[in-house]
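Asks: Dumping the structure here so I can ask a few things about it.
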Amino acid sequence: MGDEEDEQTFETTDAGASETYPMEAGQIRKGGHLMIKGNPCKVLDVSTSKTGKHGHAKCHFVAQDIFTGKKMEDLVPASHTTMIPFVKKVEYQAIGLDEEFLTLLTEAGDTREDIKLPKFLNMAPPDAEEVSKRIEDMLAKEEDFNVIVLCACGKEVVTDTKVMVGGAQ
């Protein structure tokens, strides 16, 4: 048994950190985030029904997919747990554009060339054309500006721009 060569193949290289965490549905408020059908969504409206004769109070969520802008709804018993995505916004300085991909400068001074201009995404956000045009125009004028990247569930999408004042933040 010990002489056999068992080679292990690892398909992923992440640290095993989860992209979501559990929370009781009754604790989620308007403006918060939750997962609906595997999509990270921002809660637009929450209504809670009273408990029935034999049941739980139910939370009705109306939310918007943070990447596509698509409206979604979900109905979850208030005492049950639902998954909440870890959502963060990161700013990078935009320094160039190569076909579909932006060239971005990180805080550490490294460059990234793996984030697409929003209009080239398969499921583009509703304002993708406007944000993309703004980025292209500012790069053409050689302005100093940052792009705001929304990160959740392993996806990264440019959602906005921010002009830098005096060449620094």
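Chain lettering (A, B, ...) mirrors the order of the structure tokens, residue numbering begins at 1 for each chain separately, and ligand numbering begins at 1 in order of display.
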What's around A:Leu97 at 9 Å? Count only C-alpha atoms, leave out sequence neighbours fewer than 3 positions away in its own chain, and write the answer as a PDB file with all heavy atoms, in the first residue's frame.
Replies:
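File out-v8.pdb, as written:
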ATOM      1  N   ALA A  94      -6.718  53.615 -13.847  1.00  0.00           N
ATOM      2  CA  ALA A  94      -6.755  53.152 -15.237  1.00  0.00           C
ATOM      3  C   ALA A  94      -5.611  53.806 -15.990  1.00  0.00           C
ATOM      4  O   ALA A  94      -5.441  55.023 -15.943  1.00  0.00           O
ATOM      5  CB  ALA A  94      -8.086  53.501 -15.877  1.00  0.00           C
ATOM      6  N   GLU A 100     -10.350  44.724 -25.595  1.00  0.00           N
ATOM      7  CA  GLU A 100     -11.460  44.647 -24.637  1.00  0.00           C
ATOM      8  C   GLU A 100     -11.023  44.861 -23.191  1.00  0.00           C
ATOM      9  O   GLU A 100     -11.838  45.153 -22.331  1.00  0.00           O
ATOM     10  CB  GLU A 100     -12.140  43.269 -24.716  1.00  0.00           C
ATOM     11  CG  GLU A 100     -12.755  42.959 -26.049  1.00  0.00           C
ATOM     12  CD  GLU A 100     -13.413  41.577 -26.061  1.00  0.00           C
ATOM     13  OE1 GLU A 100     -13.419  40.898 -25.020  1.00  0.00           O
ATOM     14  OE2 GLU A 100     -13.904  41.199 -27.117  1.00  0.00           O
ATOM     15  N   PHE A 101      -9.727  44.671 -22.917  1.00  0.00           N
ATOM     16  CA  PHE A 101      -9.251  44.661 -21.537  1.00  0.00           C
ATOM     17  C   PHE A 101      -8.598  45.967 -21.115  1.00  0.00           C
ATOM     18  O   PHE A 101      -7.808  46.548 -21.858  1.00  0.00           O
ATOM     19  CB  PHE A 101      -8.262  43.510 -21.324  1.00  0.00           C
ATOM     20  CG  PHE A 101      -8.889  42.156 -21.437  1.00  0.00           C
ATOM     21  CD1 PHE A 101      -8.918  41.479 -22.643  1.00  0.00           C
ATOM     22  CD2 PHE A 101      -9.484  41.571 -20.327  1.00  0.00           C
ATOM     23  CE1 PHE A 101      -9.516  40.228 -22.745  1.00  0.00           C
ATOM     24  CE2 PHE A 101     -10.080  40.325 -20.424  1.00  0.00           C
ATOM     25  CZ  PHE A 101     -10.100  39.652 -21.631  1.00  0.00           C
ATOM     26  N   LEU A 102      -8.909  46.390 -19.879  1.00  0.00           N
ATOM     27  CA  LEU A 102      -8.309  47.587 -19.302  1.00  0.00           C
ATOM     28  C   LEU A 102      -6.951  47.244 -18.708  1.00  0.00           C
ATOM     29  O   LEU A 102      -6.747  46.132 -18.220  1.00  0.00           O
ATOM     30  CB  LEU A 102      -9.202  48.123 -18.176  1.00  0.00           C
ATOM     31  CG  LEU A 102     -10.497  48.786 -18.603  1.00  0.00           C
ATOM     32  CD1 LEU A 102     -11.448  48.887 -17.432  1.00  0.00           C
ATOM     33  CD2 LEU A 102     -10.207  50.166 -19.145  1.00  0.00           C
ATOM     34  N   THR A 103      -6.033  48.211 -18.739  1.00  0.00           N
ATOM     35  CA  THR A 103      -4.766  48.066 -18.029  1.00  0.00           C
ATOM     36  C   THR A 103      -4.910  48.919 -16.777  1.00  0.00           C
ATOM     37  O   THR A 103      -5.131  50.128 -16.861  1.00  0.00           O
ATOM     38  CB  THR A 103      -3.581  48.556 -18.892  1.00  0.00           C
ATOM     39  OG1 THR A 103      -3.592  47.841 -20.121  1.00  0.00           O
ATOM     40  CG2 THR A 103      -2.260  48.344 -18.180  1.00  0.00           C
ATOM     41  N   LEU A 104      -4.827  48.256 -15.620  1.00  0.00           N
ATOM     42  CA  LEU A 104      -5.069  48.926 -14.347  1.00  0.00           C
ATOM     43  C   LEU A 104      -3.858  48.826 -13.438  1.00  0.00           C
ATOM     44  O   LEU A 104      -3.132  47.839 -13.472  1.00  0.00           O
ATOM     45  CB  LEU A 104      -6.280  48.283 -13.650  1.00  0.00           C
ATOM     46  CG  LEU A 104      -7.566  48.220 -14.457  1.00  0.00           C
ATOM     47  CD1 LEU A 104      -8.619  47.399 -13.721  1.00  0.00           C
ATOM     48  CD2 LEU A 104      -8.096  49.613 -14.746  1.00  0.00           C
ATOM     49  N   GLU A 113      -4.391  43.220 -16.205  1.00  0.00           N
ATOM     50  CA  GLU A 113      -4.962  43.343 -17.551  1.00  0.00           C
ATOM     51  C   GLU A 113      -6.011  42.272 -17.777  1.00  0.00           C
ATOM     52  O   GLU A 113      -6.179  41.770 -18.876  1.00  0.00           O
ATOM     53  CB  GLU A 113      -3.842  43.239 -18.595  1.00  0.00           C
ATOM     54  CG  GLU A 113      -2.849  44.380 -18.493  1.00  0.00           C
ATOM     55  CD  GLU A 113      -1.686  44.268 -19.472  1.00  0.00           C
ATOM     56  OE1 GLU A 113      -1.445  43.172 -19.990  1.00  0.00           O
ATOM     57  OE2 GLU A 113      -1.035  45.295 -19.704  1.00  0.00           O
ATOM     58  N   LEU A 117     -13.620  45.896 -20.263  1.00  0.00           N
ATOM     59  CA  LEU A 117     -14.432  47.103 -20.330  1.00  0.00           C
ATOM     60  C   LEU A 117     -15.885  46.624 -20.213  1.00  0.00           C
ATOM     61  O   LEU A 117     -16.245  45.615 -20.837  1.00  0.00           O
ATOM     62  CB  LEU A 117     -14.184  47.799 -21.667  1.00  0.00           C
ATOM     63  CG  LEU A 117     -14.456  49.281 -21.798  1.00  0.00           C
ATOM     64  CD1 LEU A 117     -13.650  50.079 -20.780  1.00  0.00           C
ATOM     65  CD2 LEU A 117     -14.129  49.761 -23.189  1.00  0.00           C
ATOM     66  N   GLU A 136     -13.233  55.321 -22.063  1.00  0.00           N
ATOM     67  CA  GLU A 136     -12.522  55.524 -23.339  1.00  0.00           C
ATOM     68  C   GLU A 136     -12.201  56.994 -23.565  1.00  0.00           C
ATOM     69  O   GLU A 136     -11.096  57.334 -23.996  1.00  0.00           O
ATOM     70  CB  GLU A 136     -13.365  54.972 -24.504  1.00  0.00           C
ATOM     71  CG  GLU A 136     -13.441  53.462 -24.511  1.00  0.00           C
ATOM     72  CD  GLU A 136     -14.485  52.894 -25.473  1.00  0.00           C
ATOM     73  OE1 GLU A 136     -15.479  53.575 -25.768  1.00  0.00           O
ATOM     74  OE2 GLU A 136     -14.288  51.756 -25.909  1.00  0.00           O
ATOM     75  N   LEU A 139      -9.375  58.096 -21.152  1.00  0.00           N
ATOM     76  CA  LEU A 139      -8.079  57.554 -21.586  1.00  0.00           C
ATOM     77  C   LEU A 139      -7.560  58.316 -22.808  1.00  0.00           C
ATOM     78  O   LEU A 139      -6.367  58.592 -22.906  1.00  0.00           O
ATOM     79  CB  LEU A 139      -8.192  56.056 -21.900  1.00  0.00           C
ATOM     80  CG  LEU A 139      -8.248  55.125 -20.687  1.00  0.00           C
ATOM     81  CD1 LEU A 139      -8.607  53.712 -21.121  1.00  0.00           C
ATOM     82  CD2 LEU A 139      -6.938  55.131 -19.918  1.00  0.00           C
TER      83      LEU A 139
END
Asks: Find the residues around stretch 17-34 of chain A up to 9 Å (only C-alpha atoms counted), leave out those fewer than 3 positions away in its own chain, and share them as a ChimeraX atom specification.
Replies: /A:14,39-46,48,57-59,61,63,66,76-87,152-154
Asks: Please give the complete set of residues from chain A that DSSP, run on the backbone, assigns to strand (DSSP E or B), formatted as a ChimeraX atom specification.
Replies: /A:20-24,33-36,39-48,58-65,71-77,81-85,87-98,101-105,111-116,145-152,155-163,165,168
Asks: What's around A:Glu129 at 10 Å? Count only C-alpha atoms, leave out sequence neighbours fewer than 5 positions away in its own chain, and write the answer as a PyMOL selection string.
Replies: chain A and resi 117-120+124+134-135
Asks: How would the residues just chosen look if you wrote them out with N, CA, C and O atoms as a PDB file, in the first residue's frame?
Replies:
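Final output, selection-v2.pdb:
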ATOM      1  N   LEU A 117     -13.620  45.896 -20.263  1.00  0.00           N
ATOM      2  CA  LEU A 117     -14.432  47.103 -20.330  1.00  0.00           C
ATOM      3  C   LEU A 117     -15.885  46.624 -20.213  1.00  0.00           C
ATOM      4  O   LEU A 117     -16.245  45.615 -20.837  1.00  0.00           O
ATOM      5  N   PRO A 118     -16.731  47.283 -19.423  1.00  0.00           N
ATOM      6  CA  PRO A 118     -18.081  46.766 -19.168  1.00  0.00           C
ATOM      7  C   PRO A 118     -18.902  46.412 -20.412  1.00  0.00           C
ATOM      8  O   PRO A 118     -19.641  45.436 -20.396  1.00  0.00           O
ATOM      9  N   LYS A 119     -18.769  47.160 -21.507  1.00  0.00           N
ATOM     10  CA  LYS A 119     -19.608  46.885 -22.681  1.00  0.00           C
ATOM     11  C   LYS A 119     -19.249  45.565 -23.371  1.00  0.00           C
ATOM     12  O   LYS A 119     -20.004  45.072 -24.193  1.00  0.00           O
ATOM     13  N   PHE A 120     -18.105  44.966 -23.044  1.00  0.00           N
ATOM     14  CA  PHE A 120     -17.699  43.698 -23.652  1.00  0.00           C
ATOM     15  C   PHE A 120     -18.089  42.477 -22.825  1.00  0.00           C
ATOM     16  O   PHE A 120     -17.760  41.356 -23.186  1.00  0.00           O
ATOM     17  N   ALA A 124     -23.839  42.286 -19.446  1.00  0.00           N
ATOM     18  CA  ALA A 124     -23.394  43.644 -19.105  1.00  0.00           C
ATOM     19  C   ALA A 124     -24.407  44.355 -18.216  1.00  0.00           C
ATOM     20  O   ALA A 124     -25.610  44.190 -18.383  1.00  0.00           O
ATOM     21  N   ARG A 134     -17.237  56.687 -21.054  1.00  0.00           N
ATOM     22  CA  ARG A 134     -16.552  57.613 -20.153  1.00  0.00           C
ATOM     23  C   ARG A 134     -15.084  57.200 -19.971  1.00  0.00           C
ATOM     24  O   ARG A 134     -14.188  58.035 -20.014  1.00  0.00           O
ATOM     25  N   ILE A 135     -14.843  55.900 -19.807  1.00  0.00           N
ATOM     26  CA  ILE A 135     -13.476  55.393 -19.631  1.00  0.00           C
ATOM     27  C   ILE A 135     -12.662  55.647 -20.896  1.00  0.00           C
ATOM     28  O   ILE A 135     -11.536  56.149 -20.833  1.00  0.00           O
TER      29      ILE A 135
END
Asks: One decimal, in Å: what's the spacing between atom CA of A:Ala140 and atom CA of A:Asp98?
Replies: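 Separation of atom CA of A:Ala140 and atom CA of A:Asp98: 12.7 Å.
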Asks: Taking the backbone alone, and naming residues the way the document does, which bits of chain A are alpha helix (DSSP H) by DSSP, as a list in words?
Replies: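 Put together, the selection reads Ala128, Glu129, Glu130, Val131, Ser132, Lys133, Arg134, Ile135, Glu136, Asp137, Met138, Leu139 and Ala140 of chain A.
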Asks: Store the residues of this selection in a file with all heavy atoms, as an mmCIF file, in the first residue's frame.
Replies:
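Output contents, as saved in selection.cif:
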data_model
loop_
_atom_site.group_PDB
_atom_site.id
_atom_site.type_symbol
_atom_site.label_atom_id
_atom_site.label_comp_id
_atom_site.auth_asym_id
_atom_site.auth_seq_id
_atom_site.Cartn_x
_atom_site.Cartn_y
_atom_site.Cartn_z
ATOM 1 N N ALA A 128 -23.537 49.933 -18.796
ATOM 2 C CA ALA A 128 -22.223 49.513 -19.309
ATOM 3 C C ALA A 128 -21.723 50.389 -20.457
ATOM 4 O O ALA A 128 -20.547 50.756 -20.493
ATOM 5 C CB ALA A 128 -22.277 48.051 -19.761
ATOM 6 N N GLU A 129 -22.599 50.730 -21.391
ATOM 7 C CA GLU A 129 -22.197 51.563 -22.538
ATOM 8 C C GLU A 129 -21.716 52.931 -22.064
ATOM 9 O O GLU A 129 -20.687 53.424 -22.520
ATOM 10 C CB GLU A 129 -23.364 51.734 -23.521
ATOM 11 C CG GLU A 129 -23.639 50.514 -24.373
ATOM 12 C CD GLU A 129 -22.524 50.184 -25.364
ATOM 13 O OE1 GLU A 129 -21.808 51.104 -25.834
ATOM 14 O OE2 GLU A 129 -22.350 48.982 -25.650
ATOM 15 N N GLU A 130 -22.464 53.537 -21.144
ATOM 16 C CA GLU A 130 -22.144 54.883 -20.658
ATOM 17 C C GLU A 130 -20.826 54.881 -19.891
ATOM 18 O O GLU A 130 -19.972 55.743 -20.109
ATOM 19 C CB GLU A 130 -23.318 55.364 -19.779
ATOM 20 C CG GLU A 130 -23.239 56.839 -19.407
ATOM 21 C CD GLU A 130 -22.743 57.044 -17.994
ATOM 22 O OE1 GLU A 130 -23.055 56.224 -17.120
ATOM 23 O OE2 GLU A 130 -22.014 58.035 -17.777
ATOM 24 N N VAL A 131 -20.621 53.890 -19.005
ATOM 25 C CA VAL A 131 -19.376 53.796 -18.228
ATOM 26 C C VAL A 131 -18.192 53.526 -19.165
ATOM 27 O O VAL A 131 -17.137 54.141 -19.038
ATOM 28 C CB VAL A 131 -19.481 52.688 -17.140
ATOM 29 C CG1 VAL A 131 -18.144 52.455 -16.466
ATOM 30 C CG2 VAL A 131 -20.530 53.072 -16.098
ATOM 31 N N SER A 132 -18.382 52.633 -20.140
ATOM 32 C CA SER A 132 -17.314 52.309 -21.098
ATOM 33 C C SER A 132 -16.912 53.528 -21.911
ATOM 34 O O SER A 132 -15.728 53.777 -22.130
ATOM 35 C CB SER A 132 -17.768 51.187 -22.046
ATOM 36 O OG SER A 132 -18.038 50.013 -21.322
ATOM 37 N N LYS A 133 -17.894 54.310 -22.363
ATOM 38 C CA LYS A 133 -17.606 55.510 -23.162
ATOM 39 C C LYS A 133 -16.827 56.526 -22.318
ATOM 40 O O LYS A 133 -15.869 57.127 -22.791
ATOM 41 C CB LYS A 133 -18.913 56.132 -23.682
ATOM 42 C CG LYS A 133 -18.659 57.361 -24.557
ATOM 43 C CD LYS A 133 -19.871 57.768 -25.324
ATOM 44 C CE LYS A 133 -19.717 59.012 -26.159
ATOM 45 N NZ LYS A 133 -18.394 59.463 -26.493
ATOM 46 N N ARG A 134 -17.237 56.687 -21.054
ATOM 47 C CA ARG A 134 -16.552 57.613 -20.153
ATOM 48 C C ARG A 134 -15.084 57.200 -19.971
ATOM 49 O O ARG A 134 -14.188 58.035 -20.014
ATOM 50 C CB ARG A 134 -17.281 57.619 -18.802
ATOM 51 C CG ARG A 134 -17.075 58.887 -18.039
ATOM 52 C CD ARG A 134 -17.889 59.006 -16.769
ATOM 53 N NE ARG A 134 -19.044 58.159 -16.689
ATOM 54 C CZ ARG A 134 -19.453 57.538 -15.565
ATOM 55 N NH1 ARG A 134 -18.774 57.695 -14.452
ATOM 56 N NH2 ARG A 134 -20.527 56.792 -15.560
ATOM 57 N N ILE A 135 -14.843 55.900 -19.807
ATOM 58 C CA ILE A 135 -13.476 55.393 -19.631
ATOM 59 C C ILE A 135 -12.662 55.647 -20.896
ATOM 60 O O ILE A 135 -11.536 56.149 -20.833
ATOM 61 C CB ILE A 135 -13.493 53.882 -19.288
ATOM 62 C CG1 ILE A 135 -14.063 53.684 -17.882
ATOM 63 C CG2 ILE A 135 -12.087 53.282 -19.388
ATOM 64 C CD1 ILE A 135 -14.378 52.233 -17.531
ATOM 65 N N GLU A 136 -13.233 55.321 -22.063
ATOM 66 C CA GLU A 136 -12.522 55.524 -23.339
ATOM 67 C C GLU A 136 -12.201 56.994 -23.565
ATOM 68 O O GLU A 136 -11.096 57.334 -23.996
ATOM 69 C CB GLU A 136 -13.365 54.972 -24.504
ATOM 70 C CG GLU A 136 -13.441 53.462 -24.511
ATOM 71 C CD GLU A 136 -14.485 52.894 -25.473
ATOM 72 O OE1 GLU A 136 -15.479 53.575 -25.768
ATOM 73 O OE2 GLU A 136 -14.288 51.756 -25.909
ATOM 74 N N ASP A 137 -13.161 57.875 -23.257
ATOM 75 C CA ASP A 137 -12.944 59.317 -23.425
ATOM 76 C C ASP A 137 -11.833 59.829 -22.507
ATOM 77 O O ASP A 137 -10.965 60.591 -22.935
ATOM 78 C CB ASP A 137 -14.232 60.113 -23.144
ATOM 79 C CG ASP A 137 -15.286 59.915 -24.233
ATOM 80 O OD1 ASP A 137 -14.947 59.352 -25.300
ATOM 81 O OD2 ASP A 137 -16.448 60.303 -24.002
ATOM 82 N N MET A 138 -11.841 59.408 -21.252
ATOM 83 C CA MET A 138 -10.825 59.874 -20.297
ATOM 84 C C MET A 138 -9.444 59.336 -20.653
ATOM 85 O O MET A 138 -8.451 60.041 -20.485
ATOM 86 C CB MET A 138 -11.214 59.501 -18.868
ATOM 87 C CG MET A 138 -12.343 60.362 -18.330
ATOM 88 S SD MET A 138 -12.528 60.285 -16.560
ATOM 89 C CE MET A 138 -13.686 58.956 -16.389
ATOM 90 N N LEU A 139 -9.375 58.096 -21.152
ATOM 91 C CA LEU A 139 -8.079 57.554 -21.586
ATOM 92 C C LEU A 139 -7.560 58.316 -22.808
ATOM 93 O O LEU A 139 -6.367 58.592 -22.906
ATOM 94 C CB LEU A 139 -8.192 56.056 -21.900
ATOM 95 C CG LEU A 139 -8.248 55.125 -20.687
ATOM 96 C CD1 LEU A 139 -8.607 53.712 -21.121
ATOM 97 C CD2 LEU A 139 -6.938 55.131 -19.918
ATOM 98 N N ALA A 140 -8.460 58.680 -23.723
ATOM 99 C CA ALA A 140 -8.078 59.431 -24.920
ATOM 100 C C ALA A 140 -7.538 60.814 -24.551
ATOM 101 O O ALA A 140 -6.589 61.309 -25.167
ATOM 102 C CB ALA A 140 -9.268 59.564 -25.866
#
Asks: So what do you get for atom CA of A:Thr51 versus atom CA of A:Glu73, distance-wise?
Replies: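 Answer for the atom CA of A:Thr51 to atom CA of A:Glu73 separation: 19.9 Å.
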Asks: Between atom CA of A:Asn122 and atom CA of A:Thr68, what is the distance in Å, rounded to a tenth?
Replies: 9.5 Å
